[in-house]
>>> print(open('target35.cif').read())   # mmCIF, C-alpha atoms and all ligand atoms
data_model
loop_
_atom_site.label_atom_id
_atom_site.label_comp_id
_atom_site.auth_asym_id
_atom_site.auth_seq_id
_atom_site.Cartn_x
_atom_site.Cartn_y
_atom_site.Cartn_z
CA MET A 1 26.10 105.93 -101.84
CA LEU A 2 23.33 107.51 -99.79
CA PRO A 3 19.77 107.78 -101.15
CA PRO A 4 18.80 111.39 -101.96
CA LEU A 5 17.81 113.35 -98.83
CA PRO A 6 14.41 114.47 -100.28
CA ASP A 7 13.50 110.78 -100.78
CA ILE A 8 14.09 110.17 -97.08
CA LEU A 9 12.22 113.24 -95.88
CA SER A 10 9.21 112.87 -98.20
CA THR A 11 7.66 110.02 -96.20
CA LEU A 12 8.91 111.10 -92.75
CA ARG A 13 6.59 110.61 -89.78
CA VAL A 14 7.56 111.33 -86.18
CA VAL A 15 5.61 109.68 -83.39
CA SER A 16 5.61 110.03 -79.63
CA LEU A 17 4.58 106.88 -77.75
CA PRO A 18 3.97 106.76 -73.99
CA MET A 19 5.72 103.90 -72.14
CA THR A 20 4.01 101.56 -69.70
CA HIS A 21 6.82 102.06 -67.15
CA ARG A 22 9.70 104.51 -66.92
CA PHE A 23 12.70 102.92 -68.67
CA ARG A 24 16.26 104.29 -69.01
CA GLY A 25 14.96 107.60 -67.71
CA ILE A 26 12.20 108.12 -70.27
CA ASP A 27 8.40 107.93 -70.09
CA VAL A 28 7.73 108.71 -73.74
CA ARG A 29 9.58 107.26 -76.73
CA GLU A 30 9.97 109.53 -79.77
CA VAL A 31 10.96 107.94 -83.08
CA ALA A 32 11.21 108.90 -86.75
CA LEU A 33 9.86 106.55 -89.42
CA PHE A 34 10.20 106.72 -93.20
CA GLU A 35 9.71 104.46 -96.19
CA GLY A 36 12.34 103.29 -98.66
CA PRO A 37 12.08 100.98 -101.67
CA ALA A 38 12.63 97.91 -99.42
CA GLY A 39 10.01 98.95 -96.86
CA TRP A 40 9.39 101.09 -93.78
CA THR A 41 12.37 101.84 -91.58
CA GLU A 42 13.09 103.55 -88.25
CA PHE A 43 15.60 106.16 -87.09
CA SER A 44 15.43 106.52 -83.31
CA PRO A 45 18.67 107.48 -81.58
CA PHE A 46 17.86 108.67 -78.04
CA VAL A 47 17.36 112.43 -77.98
CA GLU A 48 20.55 113.25 -76.05
CA TYR A 49 22.85 111.56 -78.60
CA ASP A 50 25.05 113.86 -80.70
CA THR A 51 25.19 113.86 -84.50
CA ALA A 52 28.19 111.54 -84.74
CA GLU A 53 26.47 108.89 -82.63
CA ALA A 54 23.08 109.39 -84.34
CA SER A 55 24.66 109.02 -87.79
CA ALA A 56 25.30 105.28 -87.21
CA TRP A 57 21.57 104.91 -86.50
CA LEU A 58 20.81 106.69 -89.79
CA THR A 59 23.13 104.31 -91.65
CA ALA A 60 21.11 101.46 -90.12
CA ALA A 61 17.77 103.03 -91.08
CA LEU A 62 18.90 103.61 -94.66
CA ASP A 63 20.29 100.08 -94.94
CA PHE A 64 16.99 98.59 -93.76
CA GLY A 65 14.79 100.84 -95.93
CA TRP A 66 16.88 100.73 -99.11
CA GLN A 67 18.55 97.28 -99.14
CA GLN A 68 17.19 93.76 -99.13
CA THR A 69 17.47 91.89 -95.84
CA PRO A 70 20.10 89.10 -95.65
CA ALA A 71 19.30 85.38 -95.85
CA ILE A 72 17.63 84.11 -92.69
CA PHE A 73 17.96 80.92 -90.62
CA ARG A 74 14.62 81.19 -88.76
CA SER A 75 11.22 82.86 -89.07
CA SER A 76 10.69 83.57 -85.38
CA ILE A 77 12.99 84.56 -82.53
CA ARG A 78 12.80 83.53 -78.87
CA VAL A 79 12.67 86.66 -76.74
CA ASN A 80 13.14 87.67 -73.11
CA ALA A 81 10.87 89.76 -70.95
CA THR A 82 12.43 93.08 -69.93
CA MET A 83 11.91 94.23 -66.35
CA PRO A 84 12.30 97.97 -65.73
CA VAL A 85 13.26 99.38 -62.32
CA VAL A 86 9.94 98.80 -60.55
CA ASP A 87 9.02 97.94 -56.99
CA SER A 88 9.12 94.16 -56.48
CA SER A 89 5.35 94.18 -55.83
CA ARG A 90 4.81 95.15 -59.49
CA VAL A 91 6.83 92.28 -60.98
CA PRO A 92 3.79 90.04 -61.81
CA GLU A 93 1.98 92.92 -63.53
CA VAL A 94 5.01 93.63 -65.76
CA LEU A 95 5.68 89.96 -66.59
CA ALA A 96 2.05 89.44 -67.60
CA ARG A 97 2.87 91.65 -70.62
CA PHE A 98 5.39 89.05 -71.92
CA PRO A 99 3.38 85.86 -72.53
CA GLY A 100 5.40 82.65 -72.72
CA CYS A 101 8.82 84.25 -72.15
CA ARG A 102 11.05 81.82 -70.20
CA THR A 103 13.81 84.42 -69.79
CA VAL A 104 13.67 87.76 -67.96
CA LYS A 105 16.20 90.56 -68.12
CA ILE A 106 16.07 92.73 -65.02
CA LYS A 107 17.40 96.28 -64.78
CA VAL A 108 19.55 96.77 -61.68
CA ALA A 109 21.96 99.37 -60.22
CA ASP A 110 19.54 102.27 -60.69
CA PRO A 111 20.96 105.36 -58.93
CA GLY A 112 17.61 105.94 -57.19
CA GLN A 113 17.67 102.51 -55.53
CA GLY A 114 19.98 100.24 -53.54
CA LEU A 115 21.14 96.64 -53.67
CA THR A 116 18.29 95.59 -51.34
CA ASP A 117 15.77 96.78 -53.94
CA ASP A 118 17.61 94.90 -56.70
CA VAL A 119 17.68 91.71 -54.63
CA ALA A 120 13.94 92.05 -53.87
CA ARG A 121 13.10 92.55 -57.57
CA VAL A 122 15.27 89.64 -58.72
CA ALA A 123 13.78 87.42 -55.97
CA ALA A 124 10.24 88.34 -57.09
CA VAL A 125 11.10 87.43 -60.70
CA ARG A 126 12.62 84.09 -59.64
CA LYS A 127 9.42 83.36 -57.65
CA TYR A 128 7.29 84.18 -60.72
CA VAL A 129 9.30 82.21 -63.31
CA GLY A 130 10.15 79.22 -61.08
CA PRO A 131 13.35 77.16 -61.19
CA GLU A 132 13.23 76.64 -64.98
CA GLY A 133 13.16 80.37 -65.76
CA ARG A 134 16.32 82.12 -66.92
CA ILE A 135 17.29 85.37 -65.26
CA ARG A 136 19.84 87.92 -66.41
CA VAL A 137 20.51 91.38 -64.99
CA ASP A 138 21.66 94.60 -66.67
CA ALA A 139 23.54 97.27 -64.68
CA ASN A 140 24.22 99.60 -67.64
CA GLY A 141 27.80 100.08 -66.44
CA LEU A 142 26.71 101.77 -63.21
CA TRP A 143 28.62 99.68 -60.67
CA THR A 144 32.26 100.09 -59.69
CA VAL A 145 34.16 96.80 -59.79
CA ASP A 146 33.81 96.38 -56.00
CA GLU A 147 30.09 97.20 -56.08
CA ALA A 148 29.62 94.74 -58.93
CA GLU A 149 31.40 92.00 -56.99
CA ARG A 150 29.22 92.63 -53.93
CA ALA A 151 26.03 92.75 -56.01
CA ILE A 152 26.84 89.61 -57.99
CA HIS A 153 27.53 87.75 -54.73
CA ALA A 154 24.13 88.86 -53.44
CA LEU A 155 22.28 88.03 -56.66
CA ALA A 156 24.04 84.77 -57.54
CA GLU A 157 21.71 82.72 -55.30
CA PHE A 158 18.94 83.47 -57.82
CA ASP A 159 20.97 81.71 -60.52
CA LEU A 160 22.04 84.29 -63.08
CA GLU A 161 22.34 83.42 -66.76
CA TYR A 162 24.70 86.39 -67.11
CA VAL A 163 25.33 89.97 -65.94
CA GLU A 164 25.12 92.62 -68.67
CA GLN A 165 27.57 95.55 -68.57
CA PRO A 166 28.17 95.48 -64.80
CA CYS A 167 30.82 98.24 -65.06
CA GLU A 168 31.59 101.00 -67.52
CA THR A 169 34.97 100.31 -69.11
CA VAL A 170 36.40 97.32 -70.96
CA GLU A 171 39.21 97.11 -68.36
CA GLU A 172 36.67 97.01 -65.51
CA LEU A 173 34.68 94.32 -67.34
CA ALA A 174 37.86 92.21 -67.64
CA ASP A 175 38.51 92.71 -63.90
CA ILE A 176 35.01 91.79 -62.70
CA ARG A 177 34.88 88.88 -65.12
CA SER A 178 37.94 87.31 -63.55
CA ARG A 179 36.75 88.11 -59.99
CA VAL A 180 33.40 86.29 -60.45
CA ALA A 181 34.59 83.50 -62.73
CA TYR A 182 34.69 81.05 -59.78
CA MET A 183 30.91 81.58 -59.34
CA GLY A 184 30.30 80.67 -62.97
CA VAL A 185 28.50 83.95 -63.78
CA PRO A 186 29.21 85.04 -67.38
CA ILE A 187 29.69 88.71 -68.29
CA ALA A 188 27.94 90.29 -71.29
CA ALA A 189 29.07 93.53 -72.93
CA ASP A 190 26.45 96.01 -74.21
CA GLU A 191 27.59 99.66 -74.04
CA SER A 192 31.17 98.42 -74.60
CA VAL A 193 29.94 97.24 -78.00
CA ARG A 194 27.31 99.75 -79.09
CA LYS A 195 29.08 102.90 -77.89
CA ALA A 196 32.63 101.84 -78.75
CA GLU A 197 34.81 103.12 -81.59
CA ASP A 198 35.97 99.52 -81.97
CA PRO A 199 32.99 97.29 -81.04
CA ALA A 200 34.92 93.99 -81.24
CA ARG A 201 37.72 95.12 -78.88
CA VAL A 202 35.90 93.92 -75.74
CA ALA A 203 35.88 90.43 -77.27
CA ARG A 204 39.50 90.54 -78.48
CA VAL A 205 40.82 91.43 -75.03
CA GLY A 206 38.75 88.71 -73.34
CA ALA A 207 36.64 91.10 -71.24
CA ALA A 208 33.28 89.41 -71.93
CA ASP A 209 31.77 85.95 -72.42
CA LEU A 210 29.08 87.17 -74.81
CA LEU A 211 27.99 90.33 -76.60
CA VAL A 212 24.69 92.20 -76.71
CA VAL A 213 24.26 93.52 -80.24
CA LYS A 214 21.77 96.14 -81.41
CA ALA A 215 21.18 96.81 -85.08
CA GLN A 216 20.64 100.58 -85.05
CA PRO A 217 23.66 101.70 -82.97
CA LEU A 218 25.98 99.37 -84.89
CA GLY A 219 24.97 100.90 -88.25
CA GLY A 220 22.55 98.21 -89.37
CA ILE A 221 22.19 94.50 -89.93
CA ARG A 222 25.20 93.99 -92.23
CA ARG A 223 27.60 95.94 -90.02
CA ALA A 224 26.36 94.13 -86.93
CA LEU A 225 26.98 90.79 -88.67
CA ASP A 226 30.55 91.91 -89.41
CA VAL A 227 31.11 92.83 -85.74
CA ILE A 228 29.73 89.45 -84.65
CA GLU A 229 32.02 87.62 -87.05
CA GLU A 230 35.05 89.57 -85.91
CA ALA A 231 34.22 89.12 -82.21
CA GLY A 232 33.67 85.37 -82.45
CA LEU A 233 31.54 85.28 -79.27
CA PRO A 234 27.90 84.19 -78.77
CA VAL A 235 25.47 87.11 -79.02
CA VAL A 236 22.12 88.31 -77.76
CA VAL A 237 20.33 90.57 -80.22
CA SER A 238 18.55 93.30 -78.32
CA SER A 239 16.33 96.26 -79.06
CA ALA A 240 16.87 99.97 -78.77
CA LEU A 241 13.32 100.42 -77.49
CA GLU A 242 11.86 100.85 -80.94
CA THR A 243 8.41 100.61 -82.49
CA SER A 244 7.66 97.36 -84.33
CA VAL A 245 9.37 98.82 -87.43
CA GLY A 246 12.73 99.13 -85.63
CA ILE A 247 12.18 95.82 -83.84
CA SER A 248 11.75 94.13 -87.23
CA MET A 249 15.31 95.28 -88.10
CA GLY A 250 16.55 93.54 -84.94
CA ALA A 251 14.46 90.46 -85.73
CA TYR A 252 16.08 90.17 -89.18
CA LEU A 253 19.50 90.55 -87.57
CA GLY A 254 18.68 87.75 -85.12
CA ALA A 255 17.33 85.60 -87.95
CA ALA A 256 20.52 86.10 -90.00
CA ILE A 257 22.78 84.66 -87.27
CA ASP A 258 23.25 80.90 -87.59
CA THR A 259 23.52 80.08 -83.87
CA LEU A 260 21.51 82.06 -81.38
CA PRO A 261 21.98 80.34 -78.01
CA TYR A 262 20.32 83.05 -75.89
CA ASP A 263 16.82 84.51 -75.97
CA CYS A 264 16.88 87.99 -77.52
CA GLY A 265 15.91 91.34 -75.97
CA LEU A 266 13.43 92.14 -78.72
CA ALA A 267 10.13 92.05 -76.81
CA THR A 268 10.21 95.71 -75.82
CA VAL A 269 7.11 96.72 -77.79
CA SER A 270 5.45 95.37 -74.61
CA LEU A 271 6.90 98.40 -72.79
CA LEU A 272 5.03 100.84 -75.06
CA THR A 273 1.37 101.62 -74.35
CA SER A 274 0.72 101.51 -78.09
CA ASP A 275 2.48 100.93 -81.38
CA ILE A 276 2.11 102.34 -84.91
CA THR A 277 0.77 99.12 -86.40
CA ALA A 278 -2.31 97.03 -85.77
CA GLU A 279 -0.05 93.95 -86.03
CA PRO A 280 2.76 94.73 -83.60
CA LEU A 281 5.82 92.51 -83.02
CA LEU A 282 4.67 91.56 -79.54
CA PRO A 283 5.78 88.28 -77.92
CA HIS A 284 3.49 85.28 -78.31
CA ALA A 285 4.49 81.93 -76.80
CA GLY A 286 7.84 83.56 -75.96
CA THR A 287 8.70 84.46 -79.57
CA ILE A 288 8.35 87.31 -82.03
CA ASP A 289 7.93 86.92 -85.78
CA VAL A 290 10.56 87.87 -88.34
CA ARG A 291 8.74 90.09 -90.83
CA ARG A 292 8.56 93.61 -92.22
CA VAL A 293 6.08 95.99 -90.59
CA VAL A 294 3.90 98.57 -92.32
CA PRO A 295 2.63 101.42 -90.11
CA ASP A 296 -1.09 102.10 -89.92
CA PRO A 297 -1.84 105.68 -91.17
CA GLU A 298 -4.51 106.16 -88.51
CA LEU A 299 -2.04 105.24 -85.71
CA LEU A 300 0.68 107.46 -87.22
CA ASP A 301 -1.82 110.34 -87.03
CA ARG A 302 -3.00 109.49 -83.53
CA PHE A 303 0.53 109.41 -82.09
CA ALA A 304 2.04 112.15 -84.28
CA ALA A 305 4.58 114.25 -82.37
CA GLU A 306 4.04 117.99 -81.89
CA PRO A 307 5.14 120.06 -84.94
CA ALA A 308 8.16 121.45 -83.07
CA ARG A 309 9.36 117.93 -82.27
CA GLU A 310 8.79 116.80 -85.84
CA ALA A 311 10.89 119.76 -87.03
CA TRP A 312 13.62 118.80 -84.54
CA TRP A 313 13.77 115.23 -85.91
CA ARG A 314 13.79 116.51 -89.50
CA GLY A 315 16.79 118.69 -88.60
CA ARG A 316 18.45 115.74 -86.90
CA ILE A 317 18.08 113.60 -90.02
CA VAL A 318 19.56 116.40 -92.15
CA ASP A 319 22.53 116.82 -89.75
CA SER A 320 23.17 113.06 -89.56
CA TYR A 321 22.87 112.77 -93.35
CA ARG A 322 25.42 115.57 -93.87
CA PHE A 323 27.73 113.90 -91.37
CA LEU A 324 27.58 110.64 -93.33
CA ASP A 325 27.91 112.39 -96.67
CA ASP A 326 31.04 114.25 -95.47
CA ALA A 327 32.54 111.01 -94.17
CA LEU A 328 31.91 109.32 -97.53
CA ALA A 329 33.39 112.28 -99.42
CA ALA A 330 36.52 112.12 -97.23
CA GLN A 331 36.95 108.44 -98.16
CA ARG A 332 36.71 109.05 -101.93
CA PRO A 333 40.10 109.39 -103.66
CA SER A 334 40.53 113.01 -104.84
CA GLU A 335 40.80 113.48 -108.59
O1 LIG B 401 17.57 93.76 -73.76
C1 LIG B 401 16.37 93.89 -73.48
O2 LIG B 401 15.74 93.04 -72.82
C2 LIG B 401 15.60 95.10 -73.93
C3 LIG B 401 16.35 96.28 -74.41
C4 LIG B 401 17.09 97.06 -73.35
O3 LIG B 401 17.22 96.61 -72.24
C5 LIG B 401 17.61 98.36 -73.65
C6 LIG B 401 17.14 99.03 -74.74
C7 LIG B 401 17.48 100.38 -74.97
C8 LIG B 401 18.34 101.03 -74.15
C9 LIG B 401 19.05 100.37 -73.09
O4 LIG B 401 19.11 101.14 -71.92
C10 LIG B 401 18.60 98.96 -72.72
C11 LIG B 401 19.89 98.15 -72.49
O5 LIG B 401 20.79 98.65 -71.85
O6 LIG B 401 20.07 97.02 -72.92
MG MG B 402 22.08 96.80 -71.73
#
>>> encode(input="target35.cif", output="structure tokens")
Amino acid sequence: MLPPLPDILSTLRVVSLPMTHRFRGIDVREVALFEGPAGWTEFSPFVEYDTAEASAWLTAALDFGWQQTPAIFRSSIRVNATMPVVDSSRVPEVLARFPGCRTVKIKVADPGQGLTDDVARVAAVRKYVGPEGRIRVDANGLWTVDEAERAIHALAEFDLEYVEQPCETVEELADIRSRVAYMGVPIAADESVRKAEDPARVARVGAADLLVVKAQPLGGIRRALDVIEEAGLPVVVSSALETSVGISMGAYLGAAIDTLPYDCGLATVSLLTSDITAEPLLPHAGTIDVRRVVPDPELLDRFAAEPAREAWWRGRIVDSYRFLDDALAAQRPSE
């Protein structure tokens, strides 16, 4: 059962938040926020996603706003710093925004750069964090298997915790995983989980050592927990570049998992120039808190999106809602 659409739209606020650095091709993050009986929730599929893909994010938002959160194993989560594609000279300035984080995830394989730039950025991070720091890289599926093999050879000297989504397909992940196994570099699947029809397949076919799981694209905390159980692999809970409201959904997901061996990618509020709450879920001593977040009305006003953008998000919620409603109707036995 979905909550009535007018209940969702009555508290809707759309905000537009500038980012500190360009990340996954965007400089401004637009998100929709609304309040349900369980608290404030976020709906923020990236703008290019179609209705089918966005509808899973709406399921997640409704679950978080209308249902109680599951039982939790911890009240704070260890988080990693996230390094966008920046020149290596800017590495210290970015890492200063992530106090106490012992782990850094570095974006690599950007089409506007080459392997030399990636090596320089990873080297600068290793210099900053020292030998105890943990470094992982994320290629967002942009390497071919041969390019991935070459890049992992070049980057392995910096001691990689794992490589996230080096190539696009599950078959390519399986191939690169076996090619680099002798170097002891694990492979993590991200897009092969969050954009897949069958998110646990990558685990079943042995194409990854661990999974990156994100609450919104997987349809919310409960569904993500089901995927994790089915996959049976260790996971890293990561963000979808949300405000603190969306990050709190990820934090509850992380808190509901009994073993969390890796630091989570939930410190991305540090990549926004501002948030919609005076008490943001920013990292302190390398952790973020597990708690609900209430937006500050003054900040919602200050960062309110233009009316045309607000109307666009309203329409997107209506379309995603209808998509979910139709899917539910199709499941009901006809009388
Ligand atoms: O995992 C992290 O450290 C932060 C989150 C993150 O990297 C991402 C968030 C949103 C969109 C993605 O392009 C990106 C990712 O690929 O993991
Ligand atoms: Mg990723």
>>> closest_atom_pairs(input="target35.cif", of="region 289-330 of chain A", to="region 241-248 of chain A", cutoff="12 Å", atoms="all atoms listed in the file", output="JSON lines")
{"residue": "A:Asp289", "atom": "CA", "partner": "A:Ser248", "partner_atom": "CA", "distance": 8.3}
{"residue": "A:Val290", "atom": "CA", "partner": "A:Ser248", "partner_atom": "CA", "distance": 6.5}
{"residue": "A:Arg291", "atom": "CA", "partner": "A:Ser248", "partner_atom": "CA", "distance": 6.2}
{"residue": "A:Arg292", "atom": "CA", "partner": "A:Ser248", "partner_atom": "CA", "distance": 5.9}
{"residue": "A:Val293", "atom": "CA", "partner": "A:Val245", "partner_atom": "CA", "distance": 5.4}
{"residue": "A:Val294", "atom": "CA", "partner": "A:Val245", "partner_atom": "CA", "distance": 7.3}
{"residue": "A:Pro295", "atom": "CA", "partner": "A:Val245", "partner_atom": "CA", "distance": 7.7}
{"residue": "A:Asp296", "atom": "CA", "partner": "A:Val245", "partner_atom": "CA", "distance": 11.2}
{"residue": "A:Leu299", "atom": "CA", "partner": "A:Thr243", "partner_atom": "CA", "distance": 11.9}
{"residue": "A:Leu300", "atom": "CA", "partner": "A:Thr243", "partner_atom": "CA", "distance": 11.4}
{"residue": "A:Phe303", "atom": "CA", "partner": "A:Thr243", "partner_atom": "CA", "distance": 11.8}
>>> atom_distance(input="target35.cif", atom1="CA of Gly184 (chain A)", atom2="CA of Cys264 (chain A)")
21.1 Å
>>> residues_around(input="target35.cif", residues="Asp226 (chain A)", least_positions_apart="5", cutoff="12 Å", atoms="all atoms listed in the file", output="list in words")
Asp198, Pro199, Ala200, Val213, Ala215, Leu218, Gly219, Gly220, Ile221, Ala231, Gly232, Leu253, Ala256 and Ile257 of chain A
>>> residues_near_ligand(input="target35.cif", ligand="ligand LIG 401 (chain B)", cutoff="10 Å", atoms="only C-alpha atoms and all ligand atoms", output="JSON, numbers by chain")
{"A": [23, 24, 25, 26, 45, 46, 79, 80, 81, 82, 83, 84, 103, 104, 105, 106, 107, 136, 137, 138, 139, 140, 141, 164, 165, 189, 190, 191, 194, 212, 213, 214, 236, 237, 238, 239, 240, 241, 242, 263, 264, 265, 266, 267, 268, 269, 271]}
>>> residues_around(input="target35.cif", residues="Arg102 (chain A)", least_positions_apart="6", cutoff="12 Å", atoms="all atoms listed in the file", output="NGL selection string")
:A and (78-82 or 95 or 125-126 or 128-136 or 161 or 262-264 or 283-287)
>>> closest_residue(input="target35.cif", among="A:Val185, A:Ala109, A:Met19, A:Val227", to="Leu142 (chain A)", atoms="only C-alpha atoms")
A:Ala109
>>> build_atoms(input="target35.cif", residues="region 150-165 of chain A", atoms="N, CA and C atoms", output="mmCIF file, in the frame of the given file")
data_model
loop_
_atom_site.group_PDB
_atom_site.id
_atom_site.type_symbol
_atom_site.label_atom_id
_atom_site.label_comp_id
_atom_site.auth_asym_id
_atom_site.auth_seq_id
_atom_site.Cartn_x
_atom_site.Cartn_y
_atom_site.Cartn_z
ATOM 1 N N ARG A 150 30.156 92.776 -55.061
ATOM 2 C CA ARG A 150 29.220 92.630 -53.930
ATOM 3 C C ARG A 150 27.822 92.258 -54.452
ATOM 4 N N ALA A 151 27.383 92.973 -55.483
ATOM 5 C CA ALA A 151 26.030 92.750 -56.010
ATOM 6 C C ALA A 151 25.908 91.352 -56.622
ATOM 7 N N ILE A 152 26.930 90.937 -57.347
ATOM 8 C CA ILE A 152 26.840 89.610 -57.990
ATOM 9 C C ILE A 152 26.838 88.514 -56.935
ATOM 10 N N HIS A 153 27.613 88.707 -55.850
ATOM 11 C CA HIS A 153 27.530 87.750 -54.730
ATOM 12 C C HIS A 153 26.108 87.658 -54.208
ATOM 13 N N ALA A 154 25.476 88.837 -54.023
ATOM 14 C CA ALA A 154 24.130 88.860 -53.440
ATOM 15 C C ALA A 154 23.080 88.281 -54.380
ATOM 16 N N LEU A 155 23.308 88.455 -55.685
ATOM 17 C CA LEU A 155 22.280 88.030 -56.660
ATOM 18 C C LEU A 155 22.504 86.602 -57.167
ATOM 19 N N ALA A 156 23.711 86.068 -56.941
ATOM 20 C CA ALA A 156 24.040 84.770 -57.540
ATOM 21 C C ALA A 156 23.132 83.647 -57.053
ATOM 22 N N GLU A 157 22.587 83.798 -55.821
ATOM 23 C CA GLU A 157 21.710 82.720 -55.300
ATOM 24 C C GLU A 157 20.447 82.562 -56.141
ATOM 25 N N PHE A 158 20.127 83.583 -56.958
ATOM 26 C CA PHE A 158 18.940 83.470 -57.820
ATOM 27 C C PHE A 158 19.281 82.869 -59.179
ATOM 28 N N ASP A 159 20.521 82.431 -59.327
ATOM 29 C CA ASP A 159 20.970 81.710 -60.520
ATOM 30 C C ASP A 159 20.916 82.608 -61.757
ATOM 31 N N LEU A 160 22.008 83.322 -61.983
ATOM 32 C CA LEU A 160 22.040 84.290 -63.080
ATOM 33 C C LEU A 160 22.588 83.661 -64.355
ATOM 34 N N GLU A 161 21.876 83.887 -65.434
ATOM 35 C CA GLU A 161 22.340 83.420 -66.760
ATOM 36 C C GLU A 161 23.583 84.209 -67.166
ATOM 37 N N TYR A 162 23.544 85.523 -66.940
ATOM 38 C CA TYR A 162 24.700 86.390 -67.110
ATOM 39 C C TYR A 162 24.411 87.763 -66.524
ATOM 40 N N VAL A 163 25.471 88.571 -66.377
ATOM 41 C CA VAL A 163 25.330 89.970 -65.940
ATOM 42 C C VAL A 163 25.763 90.850 -67.103
ATOM 43 N N GLU A 164 24.853 91.746 -67.522
ATOM 44 C CA GLU A 164 25.120 92.620 -68.670
ATOM 45 C C GLU A 164 25.750 93.928 -68.193
ATOM 46 N N GLN A 165 26.845 94.288 -68.806
ATOM 47 C CA GLN A 165 27.570 95.550 -68.570
ATOM 48 C C GLN A 165 27.556 95.952 -67.082
#
